[in-house]
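Peer 1: To start, I am sharing the structure in question, which I have written as structure tokens.
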Amino acid sequence: MENAADRAVLAIDFGGTQIRAALVSPDRAVHARRAVPTDDEEGVDAVLARIVAVAGESRDEAASSGLPDPIGVSISSPGPLDPWRGVVLMAPNLSGWRNVDVAGPVRDALGLPAFLERDTNVAVVGEWRYGAARGTRNAIYITVSTGIGGGVIVDGRPLVGADGTAGEVGHMVVDLDGPACGCGGIGHVEAIASGTAMARDGRALMTGDPTGVLAGLAAGRDVDAELVARAADAGDAGCMAILERAWVAIGALCASLLNVFDPEVIVIGGSIAEHRPRLFEVARTEARRRVLPVLFDRIRLEPAALGGDVSLIGGLPIVNDRIGDPAHAAGSRQPQGAPS
């Protein structure tokens, strides 16, 4: 678990908002950064082309700077996905993404082995190896961003599941009569506490109160989670309630995960968590209220240590552990082993 990855990798972080790429060296330094908007409304083929292009630009810049050649490519992506075939099965927050081969086009275009993994699995491995969960054997990572996802380490091993989709914590039910999720389910935490959900609730709020603080800040621009948070900071009671409900839902999620997995730590990251410290205050209180009493005194909810680079740095062990491993040959569908 403590062995550092010793070969550079080309890391791609593909999300609902942007596509990033960089060369990550064995010392976990991030070089030759590139980023472009995802613009998924332009279609799957256009997004795949952007993924390949931005990764190629990053590799070329790294080479021209004399950095070591990457041995492979890590692709951090929304899920659910099949990590063995390199296929995104469904991405609820991306238009038209069903059964899309991502690793194949990247491998063919760049001429390097490519490993697709769910973004939160990349993140939990990164935080477990190098960050806030280092030194533990049981840990959970939750990201609070455009969507909500998670990754789980159980007894020193990443939890994968029979179909490679274990850890989809964003689709745990926290409200039996809650709103519909992008996946079609009801009452999922992602439908309440994600950036997408906050934006939806903000738009509904503004429709009912067209002269409120939020409406004044919007001034014709589309309402997103950032705008809802700014309105809450400015004293908009409705927006404050949206955020509080989201943080309570995160706390309920954490309690359920603590009760089921008994981890040493839950690490919370993502763009929203990074900028909203009250999330931790409310979530800790709510988790303590709901968790089994025996766990009450040792609840640890920690902010992520690797920040926005977690899905890039986490690519180091993803590639170094899996390259040459028959368990991760394309189409093998074998469960991954413990990392070296």
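Starting from 1 in every chain, residues are counted up; chains themselves are A, B, ... following the order of the structure tokens, and ligands are numbered from 1 as listed.
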Using only C-alpha atoms, determine which residues lie at most 7 Å from region 102-109 of chain A, disregarding the query and same-chain residues fewer than 2 positions distant; provide the list as a ChimeraX atom specification.
Peer 2: /A:52,86-88,100,111-116
Peer 1: Identify all residues of region 91-281 of chain A in alpha helix (DSSP H) (DSSP on the backbone) and supply them as a PyMOL selection string.
Peer 2: chain A and resi 103-110+119-130+190-193+195-208+213-218+225-233+237-261+271-275+278-281
Peer 1: Take the residues from that selection and write them out as an mmCIF file, in the first residue's frame, keeping C-alpha atoms.
Peer 2:
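What follows is the written file part-v2.cif:
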data_model
loop_
_atom_site.group_PDB
_atom_site.id
_atom_site.type_symbol
_atom_site.label_atom_id
_atom_site.label_comp_id
_atom_site.auth_asym_id
_atom_site.auth_seq_id
_atom_site.Cartn_x
_atom_site.Cartn_y
_atom_site.Cartn_z
ATOM 1 C CA ALA A 103 -10.428 3.595 -23.308
ATOM 2 C CA GLY A 104 -10.326 2.157 -26.836
ATOM 3 C CA PRO A 105 -10.248 5.454 -28.748
ATOM 4 C CA VAL A 106 -7.715 6.917 -26.301
ATOM 5 C CA ARG A 107 -5.479 3.856 -26.557
ATOM 6 C CA ASP A 108 -5.643 3.824 -30.343
ATOM 7 C CA ALA A 109 -5.025 7.546 -30.756
ATOM 8 C CA LEU A 110 -2.172 7.858 -28.268
ATOM 9 C CA ASP A 119 -13.563 9.284 -10.994
ATOM 10 C CA THR A 120 -14.304 8.551 -7.364
ATOM 11 C CA ASN A 121 -12.369 5.279 -7.460
ATOM 12 C CA VAL A 122 -9.371 7.177 -8.806
ATOM 13 C CA ALA A 123 -9.886 9.727 -6.040
ATOM 14 C CA VAL A 124 -10.212 7.220 -3.197
ATOM 15 C CA VAL A 125 -7.044 5.436 -4.317
ATOM 16 C CA GLY A 126 -5.227 8.786 -4.508
ATOM 17 C CA GLU A 127 -6.366 9.924 -1.053
ATOM 18 C CA TRP A 128 -5.688 6.476 0.392
ATOM 19 C CA ARG A 129 -2.168 6.258 -1.015
ATOM 20 C CA TYR A 130 -1.096 9.861 -0.581
ATOM 21 C CA GLU A 190 -27.387 13.154 -5.708
ATOM 22 C CA ALA A 191 -30.913 14.446 -6.405
ATOM 23 C CA ILE A 192 -30.700 16.642 -3.288
ATOM 24 C CA ALA A 193 -27.074 17.592 -2.598
ATOM 25 C CA GLY A 195 -24.477 20.878 -7.855
ATOM 26 C CA THR A 196 -27.031 19.812 -10.452
ATOM 27 C CA ALA A 197 -29.727 19.482 -7.775
ATOM 28 C CA MET A 198 -28.876 22.819 -6.174
ATOM 29 C CA ALA A 199 -29.106 24.527 -9.544
ATOM 30 C CA ARG A 200 -32.496 22.901 -10.185
ATOM 31 C CA ASP A 201 -33.811 24.010 -6.816
ATOM 32 C CA GLY A 202 -32.391 27.480 -7.330
ATOM 33 C CA ARG A 203 -34.188 27.863 -10.647
ATOM 34 C CA ALA A 204 -37.440 26.772 -9.036
ATOM 35 C CA LEU A 205 -36.881 29.236 -6.206
ATOM 36 C CA MET A 206 -36.232 32.091 -8.608
ATOM 37 C CA THR A 207 -39.391 31.293 -10.548
ATOM 38 C CA GLY A 208 -41.389 31.686 -7.347
ATOM 39 C CA VAL A 213 -31.467 38.020 -4.049
ATOM 40 C CA LEU A 214 -30.863 35.087 -6.366
ATOM 41 C CA ALA A 215 -32.763 36.720 -9.224
ATOM 42 C CA GLY A 216 -30.755 39.898 -8.770
ATOM 43 C CA LEU A 217 -27.444 38.013 -8.901
ATOM 44 C CA ALA A 218 -28.535 35.982 -11.910
ATOM 45 C CA ALA A 225 -24.802 25.866 -7.792
ATOM 46 C CA GLU A 226 -22.170 28.585 -7.452
ATOM 47 C CA LEU A 227 -24.808 31.281 -7.920
ATOM 48 C CA VAL A 228 -27.102 29.618 -5.366
ATOM 49 C CA ALA A 229 -24.203 29.567 -2.874
ATOM 50 C CA ARG A 230 -23.416 33.240 -3.529
ATOM 51 C CA ALA A 231 -27.050 34.141 -2.947
ATOM 52 C CA ALA A 232 -27.011 32.166 0.310
ATOM 53 C CA ASP A 233 -23.905 34.076 1.416
ATOM 54 C CA ALA A 237 -33.166 32.563 2.960
ATOM 55 C CA GLY A 238 -34.395 30.227 0.236
ATOM 56 C CA CYS A 239 -30.867 29.564 -1.027
ATOM 57 C CA MET A 240 -29.613 29.079 2.520
ATOM 58 C CA ALA A 241 -32.297 26.420 2.968
ATOM 59 C CA ILE A 242 -31.212 24.674 -0.254
ATOM 60 C CA LEU A 243 -27.632 24.442 1.017
ATOM 61 C CA GLU A 244 -28.645 23.325 4.515
ATOM 62 C CA ARG A 245 -30.854 20.572 3.120
ATOM 63 C CA ALA A 246 -27.964 19.430 0.935
ATOM 64 C CA TRP A 247 -25.540 19.290 3.867
ATOM 65 C CA VAL A 248 -28.061 17.357 5.990
ATOM 66 C CA ALA A 249 -28.429 14.861 3.142
ATOM 67 C CA ILE A 250 -24.635 14.445 3.027
ATOM 68 C CA GLY A 251 -24.664 13.796 6.785
ATOM 69 C CA ALA A 252 -27.372 11.155 6.386
ATOM 70 C CA LEU A 253 -25.317 9.554 3.625
ATOM 71 C CA CYS A 254 -22.232 9.497 5.847
ATOM 72 C CA ALA A 255 -24.191 7.873 8.689
ATOM 73 C CA SER A 256 -25.392 5.090 6.407
ATOM 74 C CA LEU A 257 -21.876 4.490 5.097
ATOM 75 C CA LEU A 258 -20.450 4.449 8.616
ATOM 76 C CA ASN A 259 -23.090 1.967 9.731
ATOM 77 C CA VAL A 260 -22.486 -0.350 6.769
ATOM 78 C CA PHE A 261 -18.714 -0.199 6.253
ATOM 79 C CA SER A 271 -15.462 21.467 -5.906
ATOM 80 C CA ILE A 272 -18.442 22.210 -3.684
ATOM 81 C CA ALA A 273 -17.002 20.592 -0.547
ATOM 82 C CA GLU A 274 -13.707 22.398 -1.089
ATOM 83 C CA HIS A 275 -15.347 25.826 -0.845
ATOM 84 C CA ARG A 278 -20.170 24.500 6.690
ATOM 85 C CA LEU A 279 -20.874 21.258 4.826
ATOM 86 C CA PHE A 280 -18.537 19.478 7.272
ATOM 87 C CA GLU A 281 -20.097 21.124 10.338
#
Peer 1: Using only C-alpha atoms, which of the listed residues (A:Ile299, A:Leu67, A:Val36, A:Val73) sits closest to Ile313 (chain A)?
Peer 2: A:Val73
Peer 1: With only C-alpha atoms as the counted atoms, please give the residues lying no more than 8 Å from Ile142 (chain A), apart from itself and same-chain residues fewer than 6 positions off, as a list in words.
Peer 2: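 My reading of the contact set: Thr120, Ile148, Gly149, Gly150, Gly151, Val169, Ile266, Val267, Ile268, Gly269 and Gly270 of chain A.
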Peer 1: Just list the residues in region 84-267 of chain A DSSP gives strand (DSSP E) on the backbone, as a PDB file with C-alpha atoms, in the first residue's frame.
Peer 2:
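In the end it all went to result-v8.pdb:
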ATOM      1  CA  VAL A  87     -16.739   1.514 -21.303  1.00  0.00           C
ATOM      2  CA  VAL A  88     -18.903   4.178 -19.658  1.00  0.00           C
ATOM      3  CA  LEU A  89     -22.195   2.374 -19.046  1.00  0.00           C
ATOM      4  CA  MET A  90     -24.228   5.409 -18.025  1.00  0.00           C
ATOM      5  CA  ARG A  98     -24.696   5.096 -22.612  1.00  0.00           C
ATOM      6  CA  ASN A  99     -22.306   2.202 -23.345  1.00  0.00           C
ATOM      7  CA  VAL A 100     -19.555   4.461 -24.698  1.00  0.00           C
ATOM      8  CA  ASP A 101     -16.100   2.980 -25.303  1.00  0.00           C
ATOM      9  CA  ALA A 114      -5.342   3.148 -21.312  1.00  0.00           C
ATOM     10  CA  PHE A 115      -7.233   2.366 -18.106  1.00  0.00           C
ATOM     11  CA  LEU A 116     -10.709   3.758 -17.512  1.00  0.00           C
ATOM     12  CA  GLU A 117     -11.849   4.072 -13.913  1.00  0.00           C
ATOM     13  CA  ARG A 118     -14.684   5.845 -12.192  1.00  0.00           C
ATOM     14  CA  ALA A 139     -11.759   4.360   4.082  1.00  0.00           C
ATOM     15  CA  ILE A 140     -14.462   6.024   2.005  1.00  0.00           C
ATOM     16  CA  TYR A 141     -14.190   8.977  -0.354  1.00  0.00           C
ATOM     17  CA  ILE A 142     -17.194  11.124  -1.272  1.00  0.00           C
ATOM     18  CA  THR A 143     -17.107  13.829  -3.907  1.00  0.00           C
ATOM     19  CA  VAL A 144     -19.647  16.659  -3.803  1.00  0.00           C
ATOM     20  CA  ILE A 148     -22.126  12.941  -5.998  1.00  0.00           C
ATOM     21  CA  GLY A 149     -20.018   9.821  -6.094  1.00  0.00           C
ATOM     22  CA  GLY A 150     -17.817   7.709  -3.903  1.00  0.00           C
ATOM     23  CA  GLY A 151     -15.124   5.115  -3.621  1.00  0.00           C
ATOM     24  CA  VAL A 152     -14.554   2.535  -0.891  1.00  0.00           C
ATOM     25  CA  ILE A 153     -11.445   0.836   0.515  1.00  0.00           C
ATOM     26  CA  VAL A 154     -12.241  -2.308   2.516  1.00  0.00           C
ATOM     27  CA  ARG A 157      -8.468  -3.238  -1.073  1.00  0.00           C
ATOM     28  CA  PRO A 158     -10.514  -1.009  -3.373  1.00  0.00           C
ATOM     29  CA  VAL A 265     -12.330   7.838   7.912  1.00  0.00           C
ATOM     30  CA  ILE A 266     -14.696   9.357   5.380  1.00  0.00           C
ATOM     31  CA  VAL A 267     -12.894  11.849   3.146  1.00  0.00           C
TER      32      VAL A 267
END
Peer 1: Find the distance between CA of Arg33 (chain A) and CA of Asn320 (chain A) and write it in Å to one decimal.
Peer 2: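 Going from CA of Arg33 (chain A) over to CA of Asn320 (chain A), I get 20.4 Å.
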Peer 1: Leaving out Gly43 (chain A) and any residue of its chain fewer than 3 positions from it, which residues lie within 9 Å of it when counting only C-alpha atoms, given as JSON, numbers by chain?
Peer 2: {"A": [39, 40, 46, 47, 48, 95, 96, 97]}
Peer 1: Could you save those same residues with N, CA and C atoms as a PDB file, in the first residue's frame?
Peer 2:
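For reference, result08.pdb as written:
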ATOM      1  N   ASP A  39     -18.568  20.357 -22.844  1.00  0.00           N
ATOM      2  CA  ASP A  39     -19.573  20.675 -23.876  1.00  0.00           C
ATOM      3  C   ASP A  39     -20.255  19.402 -24.385  1.00  0.00           C
ATOM      4  N   ASP A  40     -20.797  18.615 -23.452  1.00  0.00           N
ATOM      5  CA  ASP A  40     -21.373  17.329 -23.834  1.00  0.00           C
ATOM      6  C   ASP A  40     -22.600  17.470 -24.725  1.00  0.00           C
ATOM      7  N   ALA A  46     -17.844  14.218 -30.320  1.00  0.00           N
ATOM      8  CA  ALA A  46     -17.118  15.475 -30.132  1.00  0.00           C
ATOM      9  C   ALA A  46     -16.365  15.474 -28.805  1.00  0.00           C
ATOM     10  N   VAL A  47     -16.988  14.930 -27.755  1.00  0.00           N
ATOM     11  CA  VAL A  47     -16.321  14.869 -26.458  1.00  0.00           C
ATOM     12  C   VAL A  47     -15.129  13.916 -26.512  1.00  0.00           C
ATOM     13  N   LEU A  48     -15.299  12.764 -27.133  1.00  0.00           N
ATOM     14  CA  LEU A  48     -14.175  11.830 -27.272  1.00  0.00           C
ATOM     15  C   LEU A  48     -13.021  12.473 -28.017  1.00  0.00           C
ATOM     16  N   SER A  95     -25.187  14.110 -21.455  1.00  0.00           N
ATOM     17  CA  SER A  95     -26.229  13.801 -22.428  1.00  0.00           C
ATOM     18  C   SER A  95     -25.788  12.711 -23.400  1.00  0.00           C
ATOM     19  N   GLY A  96     -26.558  11.612 -23.458  1.00  0.00           N
ATOM     20  CA  GLY A  96     -26.334  10.575 -24.449  1.00  0.00           C
ATOM     21  C   GLY A  96     -25.244   9.581 -24.122  1.00  0.00           C
ATOM     22  N   TRP A  97     -24.705   9.627 -22.894  1.00  0.00           N
ATOM     23  CA  TRP A  97     -23.598   8.729 -22.575  1.00  0.00           C
ATOM     24  C   TRP A  97     -24.122   7.406 -22.027  1.00  0.00           C
TER      25      TRP A  97
END
Peer 1: Record the distance separating CA of Asp177 (chain A) and CA of Ala283 (chain A), expressed in Å with one decimal.
Peer 2: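 That distance, rounded to one decimal, is 20.8 Å.
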